[in-house]
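Contents: one structure, followed by commentary.
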There are 2 protein chains.
Amino acid sequence: MTVAVPAATLPKTRKLSISAAERADRVARVREELEGRGLDGLVLFHPERIGYLTSFVFVSTERPMALVVPLRGELGMLVPQLEQEHVARAPEIGNVMVYPEYPAGPGGRHPMQYLRELLDRTGLLGRRLGCDSDGYGDVAGYVGPTLSAINSDGSVASARDVVDTLRQVKSAAELDLIRESCTWGNLAHRLLQKHMAIGKTEIAVSLAATSEAILIMLDTLGSAYASPGRGFRNPPVSASFIAGANTALPHGMRREQGLRPGDAIITGASADIGGYHSELERTMIVGEPGPEFVRYFEAMLAIQAASFAALRPGRTCADVEAEVQSEIAHLGLSALTRHHTGHGMGLEGHEPPFLDLGDDTLIQPGMVFSLEPGLYVPGVAGFRHSDTAIITPDGIELATYYPRDLPSLIV
Amino acid sequence: MTVAVPAATLPKTRKLSISAAERADRVARVREELEGRGLDGLVLFHPERIGYLTSFVFVSTERPMALVVPLRGELGMLVPQLEQEHVARAPEIGNVMVYPEYPAGPGGRHPMQYLRELLDRTGLLGRRLGCDSDGYGDVAGYVGPTLSAINSDGSVASARDVVDTLRQVKSAAELDLIRESCTWGNLAHRLLQKHMAIGKTEIAVSLAATSEAILIMLDTLGSAYASPGRGFRNPPVSASFIAGANTALPHGMRREQGLRPGDAIITGASADIGGYHSELERTMIVGEPGPEFVRYFEAMLAIQAASFAALRPGRTCADVEAEVQSEIAHLGLSALTRHHTGHGMGLEGHEPPFLDLGDDTLIQPGMVFSLEPGLYVPGVAGFRHSDTAIITPDGIELATYYPRDLPSLIV
């Protein structure tokens, strides 16, 4: 007997992505802010900002794309013909303007002229526009006019912060995606550690751990996982490390030789869940650590603990950084720092606000930061753990939970 | 008996990278062009342009970096403290300005104020500057003043093309790196094809082929290979594919299900050799193709053959595109195209010039293009091979050599 169950009658299952209703709410809040600023509409070129407001996820190339958010009416989108079937899958974008190609199609019109037509069609041409950049960026050789030139009868004001400020405080759904990212980053890091051995190269270990973690995660999450895309530009999971004296460079380069006894290691592991990221980094060592290594490692742990204690709502980012720097100065190690304590994250691995003396942003529940004060001892090694912290009403929740103590991190 | 051979007495071995002498020559040519335009110096923010003129290879983040090229005297570079040991490895950069951090260090000065100081130190403040962008780009939430604001007593002109025009015509050394990239892209593609099987997912096959190709390439090239960096942002080799109806989207997304009989496949494989890239893409099918698939596949081959015949020195990019489009129109398939015939490549996977009706660039020996006219049949499949062509004095050399015929591309 064959019984067909119509899909529409089945209960909904878990989906690790942001709902259409939440995205619609984001658009509503953007419009409210635009209205408050006396702007008639917003033009966005950056893919992460467009992905925050719509379900259209793409990679920027030389072919410009732009989202147009009028105060009222349908969202508009400029796309090359190449993307016309892709954008059609985003039902909340009602007004699609397709241009043939960049630099220009048969008519010879530049893509920005099509954006002009889209602005005209949405009643925004010659009006007061906000934008994230005054024209499309410097991507793969793209050249074109500014938005100001296109909208020369109106005005163009920088309004990048309209979306970026919203993005700083995460919703419950966003925090769930970031926690899920931590889970799979943890697995990837465990596999990384399992594969580390004397003689093995950084890249061989990283490739093995990444491949295993990706396949296990996709098998585990199944249809709940919303694929971030194509190729390796956005791998579902990434895990890698650098070893030896290169760790003394905060953004050190891979070596092409195998692990050796005494090598310091700095790792990194994350997963892309519905477009959201987390950060997990650990300082490790191959074999028994010497006294110098232990001393700096313990100092790094103490400084990171100070950052855990310093981060809470009601203070500014600068307050937190000042407190961490004062702990570092107290230990007499200020000369060994190379960067601030941490950065926001979400749709991007690094995003505002920054735990920096120059950032006066007020810390609020729902913000997410990396906590990664580092010590870099030239010629010796770098010392940096990074954890992902979610701001709670009275402090932080550490979303990453990989062991931090030295005995757990010896290969 | 122990005999130590001093390294300096050994003959030089092969190194797959651009020599310091060639980079110095590029700087000299940039200066000549600046002088011709009446500019006193050039400020570059884009990492690929900076990497073209120096040995300093980095990834752009929210921390701005900039290269300053004065007409005479030492090259200057703005870097965050985080990169100070890294930039010290680039001996041709004589004038390094380090800022503490972004958004700001203890003094509260924005990084662009340090760029102002660097311009002052190099005698360029208040003079006539060229630039690739009027300030640092929209990266990871960066916000800051324009270069025009920093240099308000002088002038700032767009001069992005000074470097980009040089980059369009490759030297013998650059072409060797691109040919080497094709070699390893070929291996990665062969491994991709070997791993394809019914039931296997796109990502599982892609991960296996990529990992194997990377490890084999690094073992084969050994110390000749100059590592492009860290993590997976620039994998040494990449190979992936999409399958099924998604191939009808030129930039289609991965499916999370296994290969099925009848699936169309579009692949892509490349390697990063000394920072240079190539492009190899093939249309494939799982099992025996039906007559409709064969018909479109043969048409795609005919159109690509027309592009091979159309590309030669002395014509413009637009001429080539017009000839290919006329072949497509002759076959009655114009409605199935979604993009132009190809793009330049080198340090970036896509770079100018473009084989496009809107690009009047004269084709010259040493230029490198992808040739990838595609047909996209909605709901059925996409049909696109991409090959890397080097312009010779009287036509093209195909640097990619993976089989193009259908029998060779059946899984």
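Letters for chains follow the order of the structure tokens (A, B, ...), residue numbers begin at 1 for each chain, and ligand numbers begin at 1 in the order shown.
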
Post-fit chain B coords, all in-order Cα pairs vs chain A, as a compact mmCIF listing (two decimals) with C-alpha atoms, in the first residue's frame:
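Generated file (result.txt):
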# COMPACT_ATOMS: atom_id res chain seq x y z
CA MET B 1 0.08 -0.11 -0.08
CA THR B 2 1.42 3.34 -0.98
CA VAL B 3 0.35 6.27 1.16
CA ALA B 4 1.50 9.74 0.17
CA VAL B 5 1.59 12.32 2.96
CA PRO B 6 1.26 15.87 1.54
CA ALA B 7 4.26 17.89 2.72
CA ALA B 8 2.05 20.81 3.72
CA THR B 9 0.32 18.74 6.39
CA LEU B 10 3.58 17.83 8.18
CA PRO B 11 4.69 19.83 11.21
CA LYS B 12 7.54 22.25 10.66
CA THR B 13 11.01 21.02 11.55
CA ARG B 14 14.00 22.86 12.97
CA LYS B 15 15.73 25.26 10.59
CA LEU B 16 19.00 26.91 11.57
CA SER B 17 18.32 30.24 9.92
CA ILE B 18 16.65 33.58 10.57
CA SER B 19 12.90 33.58 9.89
CA ALA B 20 11.24 35.74 7.25
CA ALA B 21 9.27 37.43 10.04
CA GLU B 22 12.44 38.46 11.86
CA ARG B 23 13.95 39.86 8.66
CA ALA B 24 10.73 41.81 7.99
CA ASP B 25 10.99 43.25 11.49
CA ARG B 26 14.57 44.36 10.77
CA VAL B 27 13.37 46.17 7.64
CA ALA B 28 10.63 47.87 9.66
CA ARG B 29 13.19 49.08 12.21
CA VAL B 30 15.46 50.37 9.45
CA ARG B 31 12.54 52.33 7.97
CA GLU B 32 11.71 53.83 11.36
CA GLU B 33 15.31 55.02 11.73
CA LEU B 34 15.37 56.42 8.18
CA GLU B 35 12.18 58.37 8.86
CA GLY B 36 13.69 59.73 12.06
CA ARG B 37 16.68 61.00 10.08
CA GLY B 38 14.55 62.59 7.39
CA LEU B 39 15.72 60.15 4.73
CA ASP B 40 13.44 58.84 1.97
CA GLY B 41 15.28 55.58 1.38
CA LEU B 42 18.44 53.57 1.87
CA VAL B 43 20.81 52.07 -0.73
CA LEU B 44 23.06 49.25 0.45
CA PHE B 45 25.95 47.69 -1.49
CA HIS B 46 27.58 45.47 1.14
CA PRO B 47 26.51 41.80 0.91
CA GLU B 48 26.27 41.28 4.68
CA ARG B 49 23.97 44.27 5.13
CA ILE B 50 21.80 43.08 2.25
CA GLY B 51 21.81 39.56 3.75
CA TYR B 52 20.73 41.01 7.10
CA LEU B 53 17.57 42.52 5.58
CA THR B 54 16.76 39.89 2.93
CA SER B 55 17.23 36.20 2.19
CA PHE B 56 19.41 37.00 -0.83
CA VAL B 57 22.91 35.75 -0.01
CA PHE B 58 25.64 36.39 -2.56
CA VAL B 59 29.34 37.02 -2.97
CA SER B 60 30.47 40.44 -4.25
CA THR B 61 32.30 40.39 -7.58
CA GLU B 62 32.97 43.03 -10.25
CA ARG B 63 29.24 42.92 -11.05
CA PRO B 64 27.63 45.45 -8.69
CA MET B 65 24.49 44.65 -6.72
CA ALA B 66 22.48 46.96 -4.50
CA LEU B 67 19.43 46.81 -2.26
CA VAL B 68 17.04 49.75 -2.27
CA VAL B 69 14.90 50.21 0.85
CA PRO B 70 12.21 52.86 0.31
CA LEU B 71 10.33 54.17 3.34
CA ARG B 72 7.20 52.47 2.02
CA GLY B 73 6.58 49.95 -0.73
CA GLU B 74 8.53 47.02 -2.05
CA LEU B 75 12.23 46.36 -1.55
CA GLY B 76 14.22 46.87 -4.76
CA MET B 77 17.32 45.03 -5.87
CA LEU B 78 19.83 45.69 -8.66
CA VAL B 79 21.34 42.45 -10.01
CA PRO B 80 23.24 41.29 -13.08
CA GLN B 81 21.39 38.91 -15.41
CA LEU B 82 23.65 36.18 -14.01
CA GLU B 83 21.75 36.40 -10.70
CA GLN B 84 18.19 36.84 -11.94
CA GLU B 85 17.05 33.27 -11.15
CA HIS B 86 18.89 33.41 -7.83
CA VAL B 87 17.26 36.65 -6.63
CA ALA B 88 13.86 35.30 -7.71
CA ARG B 89 14.12 32.91 -4.75
CA ALA B 90 13.93 35.85 -2.33
CA PRO B 91 10.18 36.60 -2.29
CA GLU B 92 10.51 39.66 -0.06
CA ILE B 93 12.32 41.52 -2.86
CA GLY B 94 9.43 42.72 -5.00
CA ASN B 95 11.20 45.04 -7.36
CA VAL B 96 14.10 43.48 -9.23
CA MET B 97 16.10 45.48 -11.78
CA VAL B 98 18.25 43.24 -13.96
CA TYR B 99 21.15 44.66 -15.99
CA PRO B 100 22.74 42.59 -18.74
CA GLU B 101 26.36 42.59 -17.70
CA TYR B 102 29.31 44.54 -16.31
CA PRO B 103 31.03 46.60 -17.75
CA ALA B 104 27.96 47.03 -19.96
CA GLY B 105 25.38 45.15 -21.98
CA PRO B 106 24.31 45.60 -25.59
CA GLY B 107 22.73 49.01 -24.88
CA GLY B 108 26.05 50.24 -23.51
CA ARG B 109 24.50 51.45 -20.25
CA HIS B 110 26.57 51.09 -17.09
CA PRO B 111 24.93 49.03 -14.30
CA MET B 112 24.67 52.18 -12.16
CA GLN B 113 22.34 53.63 -14.82
CA TYR B 114 20.04 50.69 -14.11
CA LEU B 115 20.26 51.54 -10.41
CA ARG B 116 19.17 55.06 -11.38
CA GLU B 117 16.17 53.55 -13.17
CA LEU B 118 15.35 51.42 -10.12
CA LEU B 119 15.49 54.52 -7.91
CA ASP B 120 13.18 56.27 -10.35
CA ARG B 121 10.76 53.34 -10.39
CA THR B 122 10.64 53.31 -6.57
CA GLY B 123 10.07 57.08 -6.42
CA LEU B 124 13.46 57.71 -4.82
CA LEU B 125 15.35 59.45 -7.64
CA GLY B 126 16.17 63.02 -6.70
CA ARG B 127 15.18 62.40 -3.08
CA ARG B 128 17.16 62.23 0.17
CA LEU B 129 19.01 58.91 0.20
CA GLY B 130 21.09 57.19 2.84
CA CYS B 131 23.73 54.68 1.76
CA ASP B 132 26.43 52.42 3.16
CA SER B 133 28.97 53.56 0.53
CA ASP B 134 28.75 56.30 -2.06
CA GLY B 135 28.78 53.78 -4.91
CA TYR B 136 29.90 50.20 -5.34
CA GLY B 137 33.26 49.20 -3.86
CA ASP B 138 36.69 48.42 -5.22
CA VAL B 139 36.00 44.76 -6.07
CA ALA B 140 37.80 42.76 -8.80
CA GLY B 141 38.52 45.87 -10.87
CA TYR B 142 35.00 47.37 -10.81
CA VAL B 143 34.89 51.02 -11.87
CA GLY B 144 31.76 53.17 -11.91
CA PRO B 145 30.09 56.43 -10.89
CA THR B 146 29.17 57.30 -7.32
CA LEU B 147 25.62 57.12 -6.02
CA SER B 148 25.80 60.92 -5.56
CA ALA B 149 26.41 61.30 -9.30
CA ILE B 150 23.46 59.01 -10.10
CA ASN B 151 21.21 60.90 -7.69
CA SER B 152 22.55 64.37 -8.52
CA ASP B 153 19.13 66.03 -8.23
CA GLY B 154 18.78 64.71 -4.69
CA SER B 155 21.15 64.11 -1.78
CA VAL B 156 23.16 61.18 -0.49
CA ALA B 157 24.15 60.81 3.17
CA SER B 158 26.24 58.14 4.83
CA ALA B 159 23.91 55.90 6.83
CA ARG B 160 26.01 52.76 7.19
CA ASP B 161 25.28 52.76 10.92
CA VAL B 162 21.50 52.36 10.44
CA VAL B 163 21.95 48.65 9.75
CA ASP B 164 25.23 48.18 11.61
CA THR B 165 23.81 49.50 14.88
CA LEU B 166 20.88 47.07 14.66
CA ARG B 167 23.32 44.24 13.95
CA GLN B 168 25.27 44.93 17.14
CA VAL B 169 22.52 43.61 19.45
CA LYS B 170 21.57 40.06 18.57
CA SER B 171 18.10 38.55 18.89
CA ALA B 172 17.38 35.24 20.63
CA ALA B 173 17.39 33.52 17.23
CA GLU B 174 20.75 35.02 16.29
CA LEU B 175 22.26 33.99 19.62
CA ASP B 176 21.03 30.42 19.07
CA LEU B 177 22.84 30.32 15.73
CA ILE B 178 26.02 31.66 17.34
CA ARG B 179 25.81 29.06 20.14
CA GLU B 180 25.32 26.34 17.50
CA SER B 181 28.40 27.69 15.70
CA CYS B 182 30.37 27.31 18.95
CA THR B 183 29.26 23.68 19.23
CA TRP B 184 30.66 22.74 15.82
CA GLY B 185 33.72 24.92 16.25
CA ASN B 186 34.34 22.86 19.38
CA LEU B 187 34.14 19.59 17.45
CA ALA B 188 36.46 20.94 14.75
CA HIS B 189 38.94 22.02 17.41
CA ARG B 190 38.81 18.63 19.12
CA LEU B 191 39.52 16.93 15.79
CA LEU B 192 42.35 19.40 15.13
CA GLN B 193 43.92 18.46 18.44
CA LYS B 194 43.41 14.73 17.82
CA HIS B 195 45.21 14.94 14.47
CA MET B 196 48.18 16.96 15.72
CA ALA B 197 51.36 14.90 15.92
CA ILE B 198 55.09 15.42 15.53
CA GLY B 199 56.03 15.57 11.84
CA LYS B 200 52.52 16.45 10.63
CA THR B 201 52.18 19.74 8.78
CA GLU B 202 49.79 22.46 9.81
CA ILE B 203 47.87 22.20 6.59
CA ALA B 204 47.54 18.40 6.61
CA VAL B 205 46.11 18.46 10.13
CA SER B 206 43.84 21.41 9.34
CA LEU B 207 42.47 19.82 6.17
CA ALA B 208 41.75 16.52 7.90
CA ALA B 209 40.01 18.13 10.88
CA THR B 210 38.03 20.54 8.74
CA SER B 211 36.84 17.86 6.32
CA GLU B 212 35.76 15.52 9.12
CA ALA B 213 34.01 18.27 11.06
CA ILE B 214 32.12 19.49 7.99
CA LEU B 215 30.86 16.03 7.07
CA ILE B 216 29.89 15.14 10.64
CA MET B 217 28.10 18.46 11.12
CA LEU B 218 26.15 18.17 7.87
CA ASP B 219 25.16 14.56 8.68
CA THR B 220 24.10 15.59 12.17
CA LEU B 221 22.15 18.71 11.29
CA GLY B 222 20.71 17.36 8.02
CA SER B 223 17.92 19.47 6.61
CA ALA B 224 18.10 21.87 9.58
CA TYR B 225 21.33 23.26 8.12
CA ALA B 226 20.90 26.11 5.67
CA SER B 227 23.81 25.93 3.25
CA PRO B 228 25.84 29.13 3.11
CA GLY B 229 26.68 28.65 -0.52
CA ARG B 230 29.23 27.43 -2.94
CA GLY B 231 32.88 26.46 -3.00
CA PHE B 232 35.18 27.20 -0.12
CA ARG B 233 34.51 30.89 0.14
CA ASN B 234 32.28 30.15 3.09
CA PRO B 235 33.24 26.70 4.35
CA PRO B 236 30.57 25.31 6.73
CA VAL B 237 33.33 24.67 9.28
CA SER B 238 36.90 25.94 9.33
CA ALA B 239 39.73 24.94 11.61
CA SER B 240 43.41 25.68 11.23
CA PHE B 241 46.49 26.64 13.19
CA ILE B 242 49.97 28.05 12.94
CA ALA B 243 52.96 26.70 14.78
CA GLY B 244 56.41 27.69 15.98
CA ALA B 245 57.92 31.16 16.04
CA ASN B 246 55.28 32.37 13.55
CA THR B 247 52.78 32.38 16.41
CA ALA B 248 54.55 35.52 17.63
CA LEU B 249 52.83 37.31 14.71
CA PRO B 250 49.15 37.89 15.58
CA HIS B 251 48.17 37.10 11.98
CA GLY B 252 51.01 34.68 11.39
CA MET B 253 51.49 32.58 8.29
CA ARG B 254 51.45 28.85 7.87
CA ARG B 255 54.73 26.94 7.78
CA GLU B 256 55.10 24.10 5.29
CA GLN B 257 57.01 21.88 7.69
CA GLY B 258 55.92 19.37 10.27
CA LEU B 259 55.28 19.92 13.97
CA ARG B 260 58.38 19.71 16.14
CA PRO B 261 58.80 19.16 19.88
CA GLY B 262 58.58 22.49 21.66
CA ASP B 263 56.48 24.18 18.95
CA ALA B 264 53.95 26.66 20.23
CA ILE B 265 50.61 26.49 18.43
CA ILE B 266 47.79 28.98 17.98
CA THR B 267 44.56 27.54 16.63
CA GLY B 268 41.28 28.84 15.31
CA ALA B 269 37.98 27.02 14.72
CA SER B 270 34.52 28.19 13.71
CA ALA B 271 31.37 27.14 11.89
CA ASP B 272 28.98 29.06 9.66
CA ILE B 273 25.45 28.49 10.94
CA GLY B 274 22.78 30.33 8.99
CA GLY B 275 25.42 32.90 8.10
CA TYR B 276 26.52 33.45 11.74
CA HIS B 277 29.98 32.86 13.17
CA SER B 278 31.79 32.29 16.44
CA GLU B 279 35.42 32.39 17.46
CA LEU B 280 37.44 29.78 19.33
CA GLU B 281 41.23 30.00 19.51
CA ARG B 282 43.68 28.21 21.77
CA THR B 283 47.37 28.41 22.54
CA MET B 284 48.91 24.94 22.67
CA ILE B 285 52.35 23.34 22.78
CA VAL B 286 53.97 20.21 21.38
CA GLY B 287 55.47 18.26 24.31
CA GLU B 288 56.32 19.47 27.79
CA PRO B 289 56.36 23.27 28.06
CA GLY B 290 59.44 24.99 29.46
CA PRO B 291 59.21 27.44 32.38
CA GLU B 292 59.19 30.51 30.08
CA PHE B 293 56.22 29.15 28.09
CA VAL B 294 54.35 28.32 31.30
CA ARG B 295 54.95 31.81 32.68
CA TYR B 296 53.56 33.61 29.62
CA PHE B 297 50.71 31.11 29.27
CA GLU B 298 49.61 31.68 32.87
CA ALA B 299 49.86 35.44 32.37
CA MET B 300 47.71 35.19 29.24
CA LEU B 301 45.11 33.16 31.20
CA ALA B 302 45.08 35.78 33.96
CA ILE B 303 44.60 38.58 31.45
CA GLN B 304 41.80 36.73 29.67
CA ALA B 305 40.15 36.11 33.06
CA ALA B 306 40.38 39.87 33.68
CA SER B 307 38.56 40.42 30.37
CA PHE B 308 35.81 37.97 31.43
CA ALA B 309 35.37 39.98 34.63
CA ALA B 310 35.50 43.36 32.92
CA LEU B 311 32.79 42.76 30.32
CA ARG B 312 29.23 43.58 31.39
CA PRO B 313 26.28 45.77 30.39
CA GLY B 314 26.31 49.42 31.28
CA ARG B 315 30.01 49.96 30.67
CA THR B 316 31.54 51.13 27.42
CA CYS B 317 33.84 49.10 25.19
CA ALA B 318 36.59 51.57 26.11
CA ASP B 319 36.02 50.91 29.84
CA VAL B 320 36.58 47.20 29.30
CA GLU B 321 39.72 47.75 27.24
CA ALA B 322 41.12 50.17 29.84
CA GLU B 323 40.56 47.61 32.61
CA VAL B 324 42.25 44.82 30.65
CA GLN B 325 45.16 47.08 29.72
CA SER B 326 45.58 48.04 33.34
CA GLU B 327 45.79 44.35 34.31
CA ILE B 328 48.44 43.85 31.60
CA ALA B 329 50.37 46.88 32.85
CA HIS B 330 50.10 45.56 36.41
CA LEU B 331 51.84 42.39 35.18
CA GLY B 332 54.47 44.51 33.41
CA LEU B 333 53.64 43.02 30.00
CA SER B 334 52.28 45.98 28.03
CA ALA B 335 55.19 45.87 25.58
CA LEU B 336 54.08 42.41 24.45
CA THR B 337 50.57 43.36 23.31
CA ARG B 338 49.79 43.98 19.64
CA HIS B 339 46.00 44.48 19.55
CA HIS B 340 42.92 45.27 21.62
CA THR B 341 40.91 42.76 23.66
CA GLY B 342 38.23 41.77 21.16
CA HIS B 343 35.65 42.56 18.52
CA GLY B 344 31.98 42.03 17.82
CA MET B 345 30.92 39.18 15.56
CA GLY B 346 27.81 37.84 13.89
CA LEU B 347 27.28 37.74 10.13
CA GLU B 348 30.93 38.68 9.84
CA GLY B 349 33.81 37.23 11.81
CA HIS B 350 34.87 40.75 12.82
CA GLU B 351 32.27 43.49 13.20
CA PRO B 352 31.69 46.56 15.40
CA PRO B 353 31.75 47.34 18.23
CA PHE B 354 35.37 46.81 19.23
CA LEU B 355 36.72 46.39 22.75
CA ASP B 356 39.06 49.31 22.12
CA LEU B 357 40.03 52.55 23.84
CA GLY B 358 38.57 54.40 20.86
CA ASP B 359 35.11 52.79 20.99
CA ASP B 360 32.59 54.41 23.36
CA THR B 361 29.74 52.04 22.48
CA LEU B 362 27.63 51.13 25.52
CA ILE B 363 27.68 47.39 26.14
CA GLN B 364 24.19 45.87 26.02
CA PRO B 365 22.68 42.40 26.58
CA GLY B 366 22.67 40.49 23.28
CA MET B 367 25.98 41.81 22.05
CA VAL B 368 28.60 39.20 21.20
CA PHE B 369 32.36 39.69 21.55
CA SER B 370 35.57 37.77 21.12
CA LEU B 371 37.72 37.94 24.25
CA GLU B 372 41.28 37.42 23.13
CA PRO B 373 43.89 39.62 24.77
CA GLY B 374 47.22 38.31 23.43
CA LEU B 375 50.87 38.42 24.37
CA TYR B 376 53.46 38.20 21.60
CA VAL B 377 57.04 37.44 22.53
CA PRO B 378 59.19 38.11 19.45
CA GLY B 379 61.27 35.11 18.45
CA VAL B 380 59.59 32.94 21.07
CA ALA B 381 55.82 32.52 20.60
CA GLY B 382 52.42 34.11 20.74
CA PHE B 383 49.98 33.48 23.59
CA ARG B 384 46.29 33.99 22.85
CA HIS B 385 43.07 32.18 23.66
CA SER B 386 39.92 33.54 22.05
CA ASP B 387 36.45 32.85 23.41
CA THR B 388 33.03 34.00 22.27
CA ALA B 389 31.10 35.87 24.96
CA ILE B 390 27.41 36.75 24.86
CA ILE B 391 26.41 39.73 26.99
CA THR B 392 23.72 38.80 29.54
CA PRO B 393 21.74 41.20 31.79
CA ASP B 394 24.47 41.06 34.45
CA GLY B 395 27.65 39.83 32.81
CA ILE B 396 28.59 37.33 30.14
CA GLU B 397 27.81 33.80 29.03
CA LEU B 398 30.83 32.09 27.49
CA ALA B 399 29.43 30.39 24.40
CA THR B 400 32.72 28.60 23.72
CA TYR B 401 33.64 25.87 26.18
CA TYR B 402 36.83 24.23 24.93
CA PRO B 403 39.33 23.65 27.79
CA ARG B 404 41.58 26.62 28.52
CA ASP B 405 44.10 25.08 30.94
CA LEU B 406 47.60 24.17 29.79
CA PRO B 407 47.52 20.43 30.64
CA SER B 408 44.51 20.04 28.32
CA LEU B 409 46.37 21.78 25.51
CA ILE B 410 49.59 19.79 25.31
CA VAL B 411 50.08 17.71 22.13

Taking the DSSP secondary structure from the backbone, can you list the residues of range 207-288 of chain A that are helix (DSSP H, G or I), as a ChimeraX atom specification? /A:207-224,244-248

For N, CA, C and O atoms, I'd like the residues from the last selection saved as a short mmCIF file (atom, residue, chain, number, x, y, z; two decimals), in the first residue's frame.
data_model
loop_
_atom_site.label_atom_id
_atom_site.label_comp_id
_atom_site.auth_asym_id
_atom_site.auth_seq_id
_atom_site.Cartn_x
_atom_site.Cartn_y
_atom_site.Cartn_z
N LEU A 207 43.36 20.38 7.18
CA LEU A 207 42.48 19.84 6.14
C LEU A 207 41.71 18.63 6.66
O LEU A 207 40.51 18.49 6.42
N ALA A 208 42.40 17.75 7.37
CA ALA A 208 41.75 16.54 7.87
C ALA A 208 40.66 16.90 8.87
O ALA A 208 39.52 16.41 8.79
N ALA A 209 40.98 17.78 9.82
CA ALA A 209 40.00 18.15 10.85
C ALA A 209 38.81 18.88 10.24
O ALA A 209 37.66 18.63 10.60
N THR A 210 39.10 19.79 9.31
CA THR A 210 38.02 20.56 8.69
C THR A 210 37.09 19.65 7.91
O THR A 210 35.86 19.74 8.03
N SER A 211 37.67 18.76 7.11
CA SER A 211 36.84 17.87 6.28
C SER A 211 35.96 17.00 7.17
O SER A 211 34.75 16.87 6.93
N GLU A 212 36.55 16.40 8.20
CA GLU A 212 35.76 15.54 9.08
C GLU A 212 34.65 16.32 9.77
O GLU A 212 33.51 15.86 9.85
N ALA A 213 35.00 17.48 10.29
CA ALA A 213 34.00 18.27 11.03
C ALA A 213 32.85 18.68 10.12
O ALA A 213 31.68 18.63 10.51
N ILE A 214 33.17 19.07 8.89
CA ILE A 214 32.11 19.48 7.96
C ILE A 214 31.16 18.32 7.70
O ILE A 214 29.93 18.46 7.79
N LEU A 215 31.72 17.16 7.40
CA LEU A 215 30.87 16.03 7.04
C LEU A 215 30.04 15.55 8.23
O LEU A 215 28.85 15.23 8.09
N ILE A 216 30.64 15.53 9.42
CA ILE A 216 29.89 15.13 10.61
C ILE A 216 28.77 16.15 10.90
O ILE A 216 27.64 15.78 11.19
N MET A 217 29.12 17.43 10.80
CA MET A 217 28.11 18.46 11.09
C MET A 217 26.94 18.36 10.11
O MET A 217 25.77 18.40 10.52
N LEU A 218 27.24 18.21 8.82
CA LEU A 218 26.15 18.16 7.84
C LEU A 218 25.30 16.91 8.03
O LEU A 218 24.08 16.95 7.90
N ASP A 219 25.94 15.78 8.37
CA ASP A 219 25.17 14.57 8.65
C ASP A 219 24.30 14.74 9.90
O ASP A 219 23.18 14.23 9.97
N THR A 220 24.83 15.43 10.89
CA THR A 220 24.10 15.59 12.15
C THR A 220 22.93 16.55 11.99
O THR A 220 21.82 16.28 12.43
N LEU A 221 23.18 17.68 11.36
CA LEU A 221 22.15 18.71 11.27
C LEU A 221 21.16 18.44 10.14
O LEU A 221 20.01 18.88 10.19
N GLY A 222 21.61 17.72 9.13
CA GLY A 222 20.72 17.36 8.03
C GLY A 222 19.99 18.55 7.45
O GLY A 222 20.60 19.60 7.20
N SER A 223 18.67 18.41 7.28
CA SER A 223 17.90 19.46 6.61
C SER A 223 17.76 20.71 7.46
O SER A 223 17.29 21.74 6.97
N ALA A 224 18.15 20.65 8.74
CA ALA A 224 18.10 21.86 9.57
C ALA A 224 19.16 22.87 9.14
O ALA A 224 19.05 24.06 9.43
N GLY A 244 55.03 27.23 15.88
CA GLY A 244 56.40 27.69 15.96
C GLY A 244 56.50 29.19 16.18
O GLY A 244 55.57 29.84 16.66
N ALA A 245 57.65 29.76 15.78
CA ALA A 245 57.91 31.17 16.05
C ALA A 245 56.92 32.08 15.34
O ALA A 245 56.70 33.21 15.76
N ASN A 246 56.27 31.57 14.26
CA ASN A 246 55.27 32.39 13.55
C ASN A 246 54.11 32.79 14.44
O ASN A 246 53.39 33.74 14.14
N THR A 247 53.87 32.04 15.53
CA THR A 247 52.77 32.40 16.41
C THR A 247 53.00 33.76 17.06
O THR A 247 52.05 34.37 17.55
N ALA A 248 54.25 34.21 17.08
CA ALA A 248 54.54 35.53 17.66
C ALA A 248 53.97 36.66 16.80
O ALA A 248 53.94 37.81 17.22
#

For the strand (DSSP E) assignment from backbone DSSP, which residues of range 112-216 of chain A qualify? Please present them as number ranges by chain. A: 128-131, 155-158
